[in-house]
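Engineer: My structure is in run-v8.cif, and what it holds is mmCIF, C-alpha atoms:
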data_query
loop_
_atom_site.group_PDB
_atom_site.id
_atom_site.type_symbol
_atom_site.label_atom_id
_atom_site.label_comp_id
_atom_site.auth_asym_id
_atom_site.auth_seq_id
_atom_site.Cartn_x
_atom_site.Cartn_y
_atom_site.Cartn_z
ATOM 1 C CA MET A 9 1.841 13.005 7.994
ATOM 2 C CA SER A 10 4.052 15.409 6.045
ATOM 3 C CA GLU A 11 4.695 14.533 2.410
ATOM 4 C CA SER A 12 6.299 17.766 1.225
ATOM 5 C CA ALA A 13 10.007 16.891 0.928
ATOM 6 C CA ALA A 14 11.141 15.194 -2.273
ATOM 7 C CA PRO A 15 13.200 12.092 -1.487
ATOM 8 C CA ARG A 16 16.192 10.873 -3.442
ATOM 9 C CA LEU A 17 15.356 7.921 -5.653
ATOM 10 C CA THR A 18 17.612 5.371 -7.353
ATOM 11 C CA LYS A 19 16.498 2.577 -9.641
ATOM 12 C CA VAL A 20 18.739 -0.390 -8.832
ATOM 13 C CA ALA A 21 17.343 -3.057 -11.177
ATOM 14 C CA GLU A 22 14.574 -4.031 -13.593
ATOM 15 C CA ALA A 23 13.587 -7.297 -15.230
ATOM 16 C CA ASP A 24 10.784 -9.194 -16.925
ATOM 17 C CA PHE A 25 8.398 -10.650 -14.355
ATOM 18 C CA PRO A 26 5.800 -13.232 -15.438
ATOM 19 C CA THR A 27 3.141 -13.937 -12.789
ATOM 20 C CA GLN A 28 -0.074 -15.932 -12.526
ATOM 21 C CA PHE A 29 -1.896 -12.638 -13.178
ATOM 22 C CA GLY A 30 0.057 -11.717 -16.292
ATOM 23 C CA ARG A 31 3.432 -10.494 -17.477
ATOM 24 C CA PHE A 32 4.808 -7.475 -15.653
ATOM 25 C CA ARG A 33 8.096 -5.593 -15.602
ATOM 26 C CA ILE A 34 9.586 -5.490 -12.091
ATOM 27 C CA TYR A 35 11.660 -2.551 -10.847
ATOM 28 C CA GLY A 36 13.670 -2.204 -7.655
ATOM 29 C CA PHE A 37 14.099 1.229 -6.071
ATOM 30 C CA GLU A 38 15.849 2.647 -3.069
ATOM 31 C CA GLY A 39 15.637 6.137 -1.661
ATOM 32 C CA GLY A 40 14.620 8.195 1.279
ATOM 33 C CA ALA A 41 14.384 11.592 2.890
ATOM 34 C CA ALA A 42 15.212 13.075 6.292
ATOM 35 C CA GLY A 43 17.443 10.124 7.222
ATOM 36 C CA ARG A 44 14.811 7.523 6.389
ATOM 37 C CA ASP A 45 16.166 4.944 3.939
ATOM 38 C CA GLU A 46 13.601 2.782 2.178
ATOM 39 C CA GLU A 47 13.301 0.150 -0.504
ATOM 40 C CA ALA A 48 10.362 -0.518 -2.780
ATOM 41 C CA VAL A 49 9.423 -2.686 -5.736
ATOM 42 C CA ALA A 50 7.190 -1.669 -8.624
ATOM 43 C CA LEU A 51 5.341 -3.998 -10.976
ATOM 44 C CA ALA A 52 4.439 -2.248 -14.227
ATOM 45 C CA MET A 53 2.225 -3.452 -17.047
ATOM 46 C CA GLY A 54 1.539 -1.788 -20.361
ATOM 47 C CA ARG A 55 2.200 1.770 -21.410
ATOM 48 C CA LEU A 56 1.783 3.893 -18.292
ATOM 49 C CA ALA A 57 2.090 7.361 -19.755
ATOM 50 C CA GLY A 58 -0.832 8.429 -21.884
ATOM 51 C CA ASP A 59 -3.996 10.458 -22.095
ATOM 52 C CA SER A 60 -5.786 8.667 -19.266
ATOM 53 C CA PRO A 61 -4.457 8.067 -15.727
ATOM 54 C CA PRO A 62 -3.451 4.432 -15.143
ATOM 55 C CA LEU A 63 -4.636 2.205 -12.322
ATOM 56 C CA VAL A 64 -2.169 2.305 -9.401
ATOM 57 C CA ARG A 65 -1.985 0.413 -6.131
ATOM 58 C CA ILE A 66 0.429 1.332 -3.314
ATOM 59 C CA HIS A 67 0.700 -1.808 -1.200
ATOM 60 C CA SER A 68 2.484 -1.999 2.141
ATOM 61 C CA GLN A 69 4.403 -5.193 2.822
ATOM 62 C CA CYS A 70 2.524 -7.735 4.931
ATOM 63 C CA LEU A 71 4.553 -10.904 5.413
ATOM 64 C CA THR A 72 1.829 -12.566 7.455
ATOM 65 C CA GLY A 73 -0.856 -11.909 4.864
ATOM 66 C CA ASP A 74 0.978 -11.744 1.550
ATOM 67 C CA VAL A 75 3.202 -14.791 2.190
ATOM 68 C CA PHE A 76 1.486 -16.870 4.870
ATOM 69 C CA HIS A 77 -2.116 -16.144 3.775
ATOM 70 C CA SER A 78 -3.156 -14.770 7.175
ATOM 71 C CA LEU A 79 -6.885 -14.149 7.513
ATOM 72 C CA ARG A 80 -6.435 -11.626 10.337
ATOM 73 C CA CYS A 81 -6.153 -8.867 7.715
ATOM 74 C CA ASP A 82 -7.222 -8.131 4.137
ATOM 75 C CA CYS A 83 -3.726 -7.435 2.790
ATOM 76 C CA ARG A 84 -3.226 -10.460 0.534
ATOM 77 C CA ALA A 85 -6.780 -10.169 -0.762
ATOM 78 C CA GLN A 86 -6.176 -6.520 -1.693
ATOM 79 C CA LEU A 87 -2.859 -7.396 -3.337
ATOM 80 C CA GLU A 88 -4.498 -10.020 -5.516
ATOM 81 C CA ILE A 89 -7.466 -7.779 -6.344
ATOM 82 C CA ALA A 90 -5.043 -5.077 -7.492
ATOM 83 C CA LEU A 91 -2.862 -7.355 -9.616
ATOM 84 C CA ARG A 92 -5.919 -8.944 -11.194
ATOM 85 C CA SER A 93 -7.469 -5.536 -11.923
ATOM 86 C CA ILE A 94 -4.290 -4.199 -13.515
ATOM 87 C CA ALA A 95 -3.986 -7.343 -15.641
ATOM 88 C CA LEU A 96 -7.602 -7.051 -16.790
ATOM 89 C CA GLU A 97 -6.966 -3.496 -17.953
ATOM 90 C CA GLY A 98 -3.599 -4.483 -19.440
ATOM 91 C CA ARG A 99 -2.070 -1.356 -17.946
ATOM 92 C CA GLY A 100 -1.129 -0.154 -14.493
ATOM 93 C CA LEU A 101 1.388 -0.051 -11.693
ATOM 94 C CA LEU A 102 1.663 -1.722 -8.300
ATOM 95 C CA ILE A 103 4.160 -0.255 -5.834
ATOM 96 C CA TYR A 104 5.133 -2.645 -3.034
ATOM 97 C CA GLU A 105 6.569 -0.675 -0.138
ATOM 98 C CA ARG A 106 8.447 -2.243 2.777
ATOM 99 C CA GLN A 107 6.411 -0.803 5.644
ATOM 100 C CA GLU A 108 5.354 -3.883 7.603
ATOM 101 C CA GLY A 109 2.669 -3.453 10.233
ATOM 102 C CA ARG A 110 1.778 0.121 9.164
ATOM 103 C CA GLY A 111 5.430 0.988 9.642
ATOM 104 C CA ILE A 112 6.205 -0.592 13.038
ATOM 105 C CA GLY A 113 8.088 -3.618 11.672
ATOM 106 C CA LEU A 114 7.464 -7.347 11.689
ATOM 107 C CA LEU A 115 8.323 -8.239 15.295
ATOM 108 C CA ASN A 116 6.406 -5.292 16.713
ATOM 109 C CA LYS A 117 3.507 -6.348 14.525
ATOM 110 C CA LEU A 118 3.599 -9.782 16.168
ATOM 111 C CA ARG A 119 3.656 -8.083 19.578
ATOM 112 C CA ALA A 120 0.583 -6.170 18.452
ATOM 113 C CA TYR A 121 -1.053 -9.464 17.456
ATOM 114 C CA GLU A 122 -0.485 -10.724 20.988
ATOM 115 C CA LEU A 123 -2.182 -7.653 22.439
ATOM 116 C CA GLN A 124 -5.059 -8.100 19.990
ATOM 117 C CA ASP A 125 -5.489 -11.670 21.211
ATOM 118 C CA HIS A 126 -6.131 -10.152 24.647
ATOM 119 C CA GLY A 127 -8.777 -7.711 23.443
ATOM 120 C CA ALA A 128 -6.989 -4.692 21.928
ATOM 121 C CA ASP A 129 -7.876 -3.548 18.443
ATOM 122 C CA THR A 130 -5.144 -2.725 15.917
ATOM 123 C CA VAL A 131 -5.014 0.959 16.841
ATOM 124 C CA GLU A 132 -4.959 0.293 20.589
ATOM 125 C CA ALA A 133 -2.258 -2.351 20.184
ATOM 126 C CA ASN A 134 0.053 0.035 18.308
ATOM 127 C CA GLU A 135 -0.508 2.742 20.897
ATOM 128 C CA ARG A 136 0.206 0.396 23.808
ATOM 129 C CA LEU A 137 3.521 -0.423 22.131
ATOM 130 C CA GLY A 138 4.325 3.291 21.960
ATOM 131 C CA PHE A 139 3.571 3.854 18.276
ATOM 132 C CA ASP A 140 1.121 6.002 16.362
ATOM 133 C CA PRO A 141 -1.688 4.028 14.704
ATOM 134 C CA ASP A 142 -0.022 4.468 11.302
ATOM 135 C CA LEU A 143 3.648 5.385 10.797
ATOM 136 C CA ARG A 144 3.759 4.936 7.037
ATOM 137 C CA SER A 145 5.131 7.527 4.625
ATOM 138 C CA TYR A 146 4.251 7.722 0.953
ATOM 139 C CA LEU A 147 7.105 9.951 -0.211
ATOM 140 C CA LEU A 148 8.942 7.118 -1.933
ATOM 141 C CA PRO A 149 5.872 5.868 -3.856
ATOM 142 C CA ALA A 150 5.198 9.423 -5.017
ATOM 143 C CA ALA A 151 8.795 9.652 -6.268
ATOM 144 C CA ILE A 152 8.353 6.326 -8.085
ATOM 145 C CA LEU A 153 5.206 7.634 -9.777
ATOM 146 C CA ARG A 154 7.167 10.665 -10.956
ATOM 147 C CA TYR A 155 9.934 8.347 -12.231
ATOM 148 C CA PHE A 156 7.350 6.756 -14.520
ATOM 149 C CA GLY A 157 6.164 10.201 -15.615
ATOM 150 C CA LEU A 158 2.826 9.920 -13.824
ATOM 151 C CA ARG A 159 1.259 13.126 -12.565
ATOM 152 C CA SER A 160 -2.273 11.746 -12.369
ATOM 153 C CA VAL A 161 -3.415 8.261 -11.327
ATOM 154 C CA ARG A 162 -6.468 6.200 -10.517
ATOM 155 C CA LEU A 163 -5.552 5.058 -7.036
ATOM 156 C CA MET A 164 -6.795 1.668 -5.907
ATOM 157 C CA SER A 165 -7.263 2.163 -2.162
ATOM 158 C CA ASN A 166 -9.807 2.438 0.639
ATOM 159 C CA ASN A 167 -7.512 4.748 2.610
ATOM 160 C CA PRO A 168 -8.192 8.483 2.173
ATOM 161 C CA GLY A 169 -4.812 9.127 3.816
ATOM 162 C CA LYS A 170 -3.070 7.724 0.748
ATOM 163 C CA VAL A 171 -5.073 10.029 -1.494
ATOM 164 C CA GLN A 172 -4.140 13.035 0.624
ATOM 165 C CA ALA A 173 -0.473 11.999 0.800
ATOM 166 C CA LEU A 174 -0.104 11.619 -2.961
ATOM 167 C CA GLU A 175 -1.847 14.897 -3.686
ATOM 168 C CA SER A 176 0.337 16.640 -1.087
ATOM 169 C CA ALA A 177 3.341 15.238 -2.965
ATOM 170 C CA GLY A 178 2.093 16.669 -6.261
ATOM 171 C CA VAL A 179 0.403 13.604 -7.774
ATOM 172 C CA GLU A 180 -3.247 14.080 -8.734
ATOM 173 C CA VAL A 181 -5.632 11.286 -7.772
ATOM 174 C CA ALA A 182 -8.106 11.486 -10.641
ATOM 175 C CA GLU A 183 -10.174 8.659 -9.166
ATOM 176 C CA ARG A 184 -10.154 6.558 -6.016
ATOM 177 C CA VAL A 185 -10.953 2.980 -6.969
ATOM 178 C CA PRO A 186 -12.241 0.825 -4.070
ATOM 179 C CA CYS A 187 -10.265 -2.303 -3.193
ATOM 180 C CA LEU A 188 -12.705 -4.304 -1.094
ATOM 181 C CA ALA A 189 -11.890 -7.750 0.248
ATOM 182 C CA GLU A 190 -14.462 -10.275 1.372
ATOM 183 C CA VAL A 191 -15.550 -9.728 4.980
ATOM 184 C CA LEU A 192 -14.605 -12.849 6.943
ATOM 185 C CA ASP A 193 -15.247 -13.527 10.626
ATOM 186 C CA THR A 194 -11.495 -13.608 11.249
ATOM 187 C CA ARG A 195 -10.986 -10.060 9.952
ATOM 188 C CA GLU A 196 -14.311 -8.390 10.676
ATOM 189 C CA ALA A 197 -13.033 -6.595 13.807
ATOM 190 C CA TYR A 198 -9.898 -5.528 11.917
ATOM 191 C CA LEU A 199 -11.951 -4.018 9.103
ATOM 192 C CA ARG A 200 -14.317 -2.353 11.541
ATOM 193 C CA THR A 201 -11.383 -0.658 13.289
ATOM 194 C CA LYS A 202 -10.000 0.562 9.961
ATOM 195 C CA ARG A 203 -13.383 2.059 9.124
ATOM 196 C CA GLU A 204 -14.309 3.528 12.514
ATOM 197 C CA LYS A 205 -10.912 4.635 13.872
ATOM 198 C CA MET A 206 -8.801 5.197 10.757
ATOM 199 C CA GLY A 207 -11.419 6.548 8.367
ATOM 200 C CA HIS A 208 -11.035 3.891 5.692
ATOM 201 C CA LEU A 209 -13.855 3.894 3.173
ATOM 202 C CA LEU A 210 -15.348 0.454 3.642
ATOM 203 C CA GLU A 211 -18.852 -0.784 3.080
ATOM 204 C CA ASP A 212 -21.120 -1.416 6.041
ATOM 205 C CA PHE A 213 -21.095 -4.958 7.389
#
Please render this file's structure as structure tokens.
Structural biologist:
Amino acid sequence: MSESAAPRLTKVAEADFPTQFGRFRIYGFEGGAAGRDEEAVALAMGRLAGDSPPLVRIHSQCLTGDVFHSLRCDCRAQLEIALRSIALEGRGLLIYERQEGRGIGLLNKLRAYELQDHGADTVEANERLGFDPDLRSYLLPAAILRYFGLRSVRLMSNNPGKVQALESAGVEVAERVPCLAEVLDTREAYLRTKREKMGHLLEDF
């Protein structure tokens, strides 16, 4: 995963955004690099620039989890944990990036579900469909952090790859803050694969 090239970034809109977790400011961005056009949304609360790094979550879109409350994954749980944590601190940023299914897209993600129903884990399913286990890029989120003047953050993530990607893009991760969802029977195998095959920092279960 190369995160060295700086992408173009355009802010297309911003507005007040009240939520059940608190009042945010929502921003819409578009940008890309090397022919890869992307869109992302950022929810900001409080004064981000300051002496201490703010809490930041980079969240990849998950229609099945975030919208339909799927219990196959921990995506919605992590999203809510992050928004709640930012609201409790009164300061922070959530970047919502449109990279469904670790970058393979919604319909391919459903194809991967079908393979998982027949015994494949999430990594094996992606590979059988001809994809790498994780196709996501974090260039656009890094550019968004720079837009807000952030050179150092407390990153809310269990994925060391996100830490490495941001630091490769010139954003210091002053602290990695765990974002641990409840372990349910329906997502235990999913979490185990993330820990054992993708190196995510999850507690033993």
Engineer: Quick check, in Å to one decimal: how far apart do CA of Ile94 (chain A) and CA of Leu63 (chain A) lie?
Structural biologist: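 Distance between the two atoms: 6.5 Å.
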Engineer: Restricting the calculation to all atoms listed in the file, which member of A:Tyr198, A:Tyr146, A:Tyr35, A:Phe25 is positioned closest to Glu105 (chain A)?
Structural biologist: A:Tyr146
Engineer: Which residue, A:Arg80, A:Lys170, A:Ala128, A:Arg16, has the smallest gap to Arg44 (chain A) when you use only C-alpha atoms?
Structural biologist: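 Residue with the minimum atom-to-atom distance to Arg44 (chain A): A:Arg16.
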Engineer: What residues come out when you apply the PyMOL selection byres ((chain A and resi 107) around 12) to this file, written as a ChimeraX atom specification?
Structural biologist: /A:44-49,66-71,103-106,108-114,116-117,142-146,148-149
Engineer: Is there a way to get, as a list of chain:residue names, all residues within 12 Å of the point (10.8, 9.5, -15.5) in file coordinates, counting only C-alpha atoms?
Structural biologist: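 Checking each residue against the 12 Å limit leaves A:Leu17, A:Thr18, A:Lys19, A:Leu56, A:Ala57, A:Ala150, A:Ala151, A:Ile152, A:Leu153, A:Arg154, A:Tyr155, A:Phe156, A:Gly157, A:Leu158, A:Arg159.
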Engineer: Need to verify the contact set: Arg65 (chain A), 8 Å, all atoms listed in the file, exclusion of same-chain residues closer than 3 positions in sequence. Can you return it as a list in words?
Structural biologist: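 Counting only the stated atoms, we get Ala90, Leu101, Leu102, Ile103, Leu163, Met164 and Ser165 of chain A.
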Engineer: Hey, what's within 6 Å of Val161 (chain A) if we count all atoms listed in the file and toss same-chain stuff fewer than 2 positions away? As a PyMOL selection string, please?
Structural biologist: chain A and resi 61-62+163+181-182
Engineer: So the first atom is CA of Arg184 (chain A) and the second is CA of Gly39 (chain A); what is the distance between them in Å, to one decimal place?
Structural biologist: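 The value is 26.2 Å.
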Engineer: Rank A:Gln86, A:Gly98, A:Val20, A:Asp74 by their smallest atom-to-atom distance to Phe32 (chain A), using only C-alpha atoms, and report the top residue only.
Structural biologist: A:Gly98
Engineer: For each of A:Gly58, A:Pro15, A:Val185, A:Met53, take the minimum atom-to-atom distance to Glu38 (chain A), counting all atoms listed in the file, then give the residue where this is smallest.
Structural biologist: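 The shortest atom-to-atom distance to Glu38 (chain A) comes from A:Pro15.
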